[in-house]
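Q: Can you keep this structure in mind? I'll have questions shortly.
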Amino acid sequence: MVAVTVATMAEADAAFALLASFFEEEGFHTTAADLHRNLEAFLVDESCWVALAWLDGRAVGLATASTARSTEDGLLAEMQDLYVLPEARRAGVARALVDAALDWSRKRGCGGMEVVLTPEGEAAHSLSDFYAKLGFEATGRTIHAHRLGQA
């Protein structure tokens with residue numbers, strides 16, 4: 001049975017290990033130092049959420065989410081990261097993490113939750129099919145990003 005818990009600072013190392021595996025598997029280029037710093041900020045920010053999924057006492061999955069206000073939707077949540085170790089996939093871990101993220105979002109008063117799918121994630125894991133089964137719908141919108149340097 002999968003258990004999902006909200007991660008604490010004491011579990012930062014376990015969460016970091018899962019995030020590092022995720023970023024390596026998907027080819028993201030965030031440095032380990034930046035990833036660790038960003039994770040610690042998530043763990044102490046009330047507008048953010050980090051959860052761990054456990055099987056047999058071992059952390060096998062992680063999800064992160066954050067909230068932001070928009071004039072269009074009010075308070076909106078975004079699933080930032082969702083990762084399950086390869087050996088724990090197809091055991092309901094990802095679904096349990098998404099369900100927990102949706103529950104967290106509802107309790108915070110969010111009007112919805114969004115998730116950004118990368119082309120690589122779609123090609124490797126058919127993520128649009130997975131999220132569609134959980135009630136997510138494609139919006140047709142495209143994300144354009146402008147990276148800001150550190151001031």
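Letters A, B, ... mark the chains of the structure tokens in the order given; residue numbers begin at 1 per chain; ligand numbers begin at 1, in order shown.
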Please run DSSP on the backbone and report, as a ChimeraX atom specification, all residues within region 80-136 of chain A that come out as strand (DSSP E).

A: /A:80-84,113-115

Q: Excluding Ala14 (chain A) and any residue of its chain fewer than 5 positions from it, enumerate the residues within 9 Å of it, using only C-alpha atoms, and give them as a ChimeraX atom specification.

A: /A:19,52,59

Q: Looking at only C-alpha atoms, which of A:Ala96, A:Leu117, A:Ala123, A:Ala41 is the one that sits closest to Met1 (chain A)?

A: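 Using only C-alpha atoms, Met1 (chain A) sits closest to A:Ala96.
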
Q: For Ser105 (chain A), please output as a list of chain:residue names all residues within 10 Å (counting only C-alpha atoms; exclusion window: fewer than 6 positions along the same chain).

A: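 Here the qualifying residues turn out to be A:Trp49, A:Ala65, A:Ser66, A:Thr67, A:Leu75, A:Leu76, A:Ala77, A:Glu78, A:Met79, A:Asp99, A:Gly111, A:Gly112, A:Met113.
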
Q: Export N, CA and C atoms of the chosen residues as an mmCIF file, in the first residue's frame?

A:
```cif
data_model
loop_
_atom_site.group_PDB
_atom_site.id
_atom_site.type_symbol
_atom_site.label_atom_id
_atom_site.label_comp_id
_atom_site.auth_asym_id
_atom_site.auth_seq_id
_atom_site.Cartn_x
_atom_site.Cartn_y
_atom_site.Cartn_z
ATOM 1 N N TRP A 49 4.415 22.939 -1.695
ATOM 2 C CA TRP A 49 4.112 21.635 -1.104
ATOM 3 C C TRP A 49 5.077 20.611 -1.670
ATOM 4 N N ALA A 65 4.366 20.951 -5.611
ATOM 5 C CA ALA A 65 3.359 21.847 -6.174
ATOM 6 C C ALA A 65 3.536 23.219 -5.545
ATOM 7 N N SER A 66 3.029 24.205 -6.230
ATOM 8 C CA SER A 66 3.055 25.562 -5.688
ATOM 9 C C SER A 66 1.788 26.273 -6.122
ATOM 10 N N THR A 67 1.520 27.401 -5.481
ATOM 11 C CA THR A 67 0.338 28.176 -5.825
ATOM 12 C C THR A 67 0.744 29.588 -6.228
ATOM 13 N N LEU A 75 -6.710 31.817 -7.138
ATOM 14 C CA LEU A 75 -5.605 31.002 -6.646
ATOM 15 C C LEU A 75 -5.544 29.725 -7.477
ATOM 16 N N LEU A 76 -4.380 29.459 -8.032
ATOM 17 C CA LEU A 76 -4.188 28.327 -8.928
ATOM 18 C C LEU A 76 -2.958 27.546 -8.479
ATOM 19 N N ALA A 77 -3.051 26.234 -8.507
ATOM 20 C CA ALA A 77 -1.913 25.385 -8.159
ATOM 21 C C ALA A 77 -1.253 24.870 -9.429
ATOM 22 N N GLU A 78 0.033 24.628 -9.327
ATOM 23 C CA GLU A 78 0.762 23.988 -10.421
ATOM 24 C C GLU A 78 1.569 22.837 -9.858
ATOM 25 N N MET A 79 1.396 21.672 -10.452
ATOM 26 C CA MET A 79 2.246 20.539 -10.115
ATOM 27 C C MET A 79 3.591 20.821 -10.770
ATOM 28 N N ASP A 99 -3.249 12.565 -6.529
ATOM 29 C CA ASP A 99 -4.447 12.718 -5.694
ATOM 30 C C ASP A 99 -4.144 13.561 -4.452
ATOM 31 N N GLY A 111 -8.678 27.122 -7.405
ATOM 32 C CA GLY A 111 -9.725 26.851 -8.377
ATOM 33 C C GLY A 111 -9.353 25.773 -9.370
ATOM 34 N N GLY A 112 -8.086 25.399 -9.412
ATOM 35 C CA GLY A 112 -7.629 24.363 -10.325
ATOM 36 C C GLY A 112 -6.161 24.073 -10.113
ATOM 37 N N MET A 113 -5.703 23.064 -10.825
ATOM 38 C CA MET A 113 -4.286 22.709 -10.816
ATOM 39 C C MET A 113 -3.844 22.509 -12.248
#
```

Q: Skipping near chain neighbours, those fewer than 3 positions away, what residues fall within 7 Å of Leu82 (chain A) using only C-alpha atoms, listed as a short mmCIF file (atom, residue, chain, number, x, y, z; two decimals) with N, CA and C atoms, in the first residue's frame?

A:
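Just written: result00.cif:
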```cif
data_model
loop_
_atom_site.label_atom_id
_atom_site.label_comp_id
_atom_site.auth_asym_id
_atom_site.auth_seq_id
_atom_site.Cartn_x
_atom_site.Cartn_y
_atom_site.Cartn_z
N LEU A 62 8.00 11.26 -5.39
CA LEU A 62 7.95 12.63 -4.89
C LEU A 62 7.07 13.45 -5.81
N ALA A 63 6.38 14.40 -5.21
CA ALA A 63 5.64 15.41 -5.98
C ALA A 63 5.85 16.75 -5.31
N THR A 64 5.90 17.80 -6.14
CA THR A 64 5.95 19.15 -5.62
C THR A 64 4.87 19.96 -6.32
#
```

Q: Using only C-alpha atoms, which of A:Asp56, A:Glu26, A:Glu72, A:Asp81 sits nearest Leu39 (chain A)?

A: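 Ranking A:Asp56, A:Glu26, A:Glu72, A:Asp81 by distance to Leu39 (chain A), first place goes to A:Asp81.
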
Q: Can you tell me how far CA of Gly149 (chain A) sits from CA of Thr30 (chain A), in Å to one decimal?

A: 14.0 Å

Q: Going by DSSP on the backbone, which residues of chain A come out as alpha helix (DSSP H)? List them as an MDAnalysis selection string.

A: chainID A and resid 12:26 32:44 93:107 119:125 127:133

Q: Measure the distance from CA of Leu18 (chain A) to CA of Gly61 (chain A) in Å and round it to one decimal.

A: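 Pair CA of Leu18 (chain A) / CA of Gly61 (chain A) returns 6.8 Å.
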
Q: My list of candidates is A:Glu40, A:Cys48, A:Glu114, A:Val98. Which is closest to Asp73 (chain A) when distances are computed with only C-alpha atoms?

A: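 Selected residue with least distance to Asp73 (chain A): A:Glu114.
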
Q: Would you kindly return, as a PyMOL selection string, each protein, DNA or RNA residue with an atom no farther than 9 Å from any atom of Leu43 (chain A), considering only C-alpha atoms and excluding same-chain residues fewer than 5 positions away?

A: chain A and resi 7-9+12+38+48-50

Q: Go ahead and save the residues from that selection, with N, CA and C atoms, as a PDB file, in the first residue's frame.

A:
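Printed below is again.pdb as written:
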```
ATOM      1  N   ALA A   7       6.434  16.180   3.059  1.00  0.00           N
ATOM      2  CA  ALA A   7       7.848  16.121   3.426  1.00  0.00           C
ATOM      3  C   ALA A   7       8.192  17.216   4.423  1.00  0.00           C
ATOM      4  N   THR A   8       9.087  16.899   5.315  1.00  0.00           N
ATOM      5  CA  THR A   8       9.603  17.848   6.292  1.00  0.00           C
ATOM      6  C   THR A   8      11.066  18.147   5.967  1.00  0.00           C
ATOM      7  N   MET A   9      11.613  19.147   6.610  1.00  0.00           N
ATOM      8  CA  MET A   9      13.024  19.470   6.412  1.00  0.00           C
ATOM      9  C   MET A   9      13.908  18.275   6.789  1.00  0.00           C
ATOM     10  N   ALA A  12      14.573  16.177   3.825  1.00  0.00           N
ATOM     11  CA  ALA A  12      15.100  16.883   2.655  1.00  0.00           C
ATOM     12  C   ALA A  12      16.070  16.022   1.856  1.00  0.00           C
ATOM     13  N   ASN A  38      16.624  25.222  -3.997  1.00  0.00           N
ATOM     14  CA  ASN A  38      15.219  25.406  -4.376  1.00  0.00           C
ATOM     15  C   ASN A  38      14.307  24.466  -3.598  1.00  0.00           C
ATOM     16  N   CYS A  48       3.987  26.480  -1.099  1.00  0.00           N
ATOM     17  CA  CYS A  48       4.563  25.324  -1.790  1.00  0.00           C
ATOM     18  C   CYS A  48       4.298  24.050  -0.999  1.00  0.00           C
ATOM     19  N   TRP A  49       4.415  22.939  -1.695  1.00  0.00           N
ATOM     20  CA  TRP A  49       4.112  21.635  -1.104  1.00  0.00           C
ATOM     21  C   TRP A  49       5.077  20.611  -1.670  1.00  0.00           C
ATOM     22  N   VAL A  50       5.608  19.769  -0.809  1.00  0.00           N
ATOM     23  CA  VAL A  50       6.470  18.658  -1.209  1.00  0.00           C
ATOM     24  C   VAL A  50       5.935  17.417  -0.513  1.00  0.00           C
TER      25      VAL A  50
END
```

Q: May I ask for the distance between CA of Ala100 (chain A) and CA of Val4 (chain A), given in Å to one decimal place?

A: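 Rounded to one decimal, the two atoms are 7.2 Å apart.
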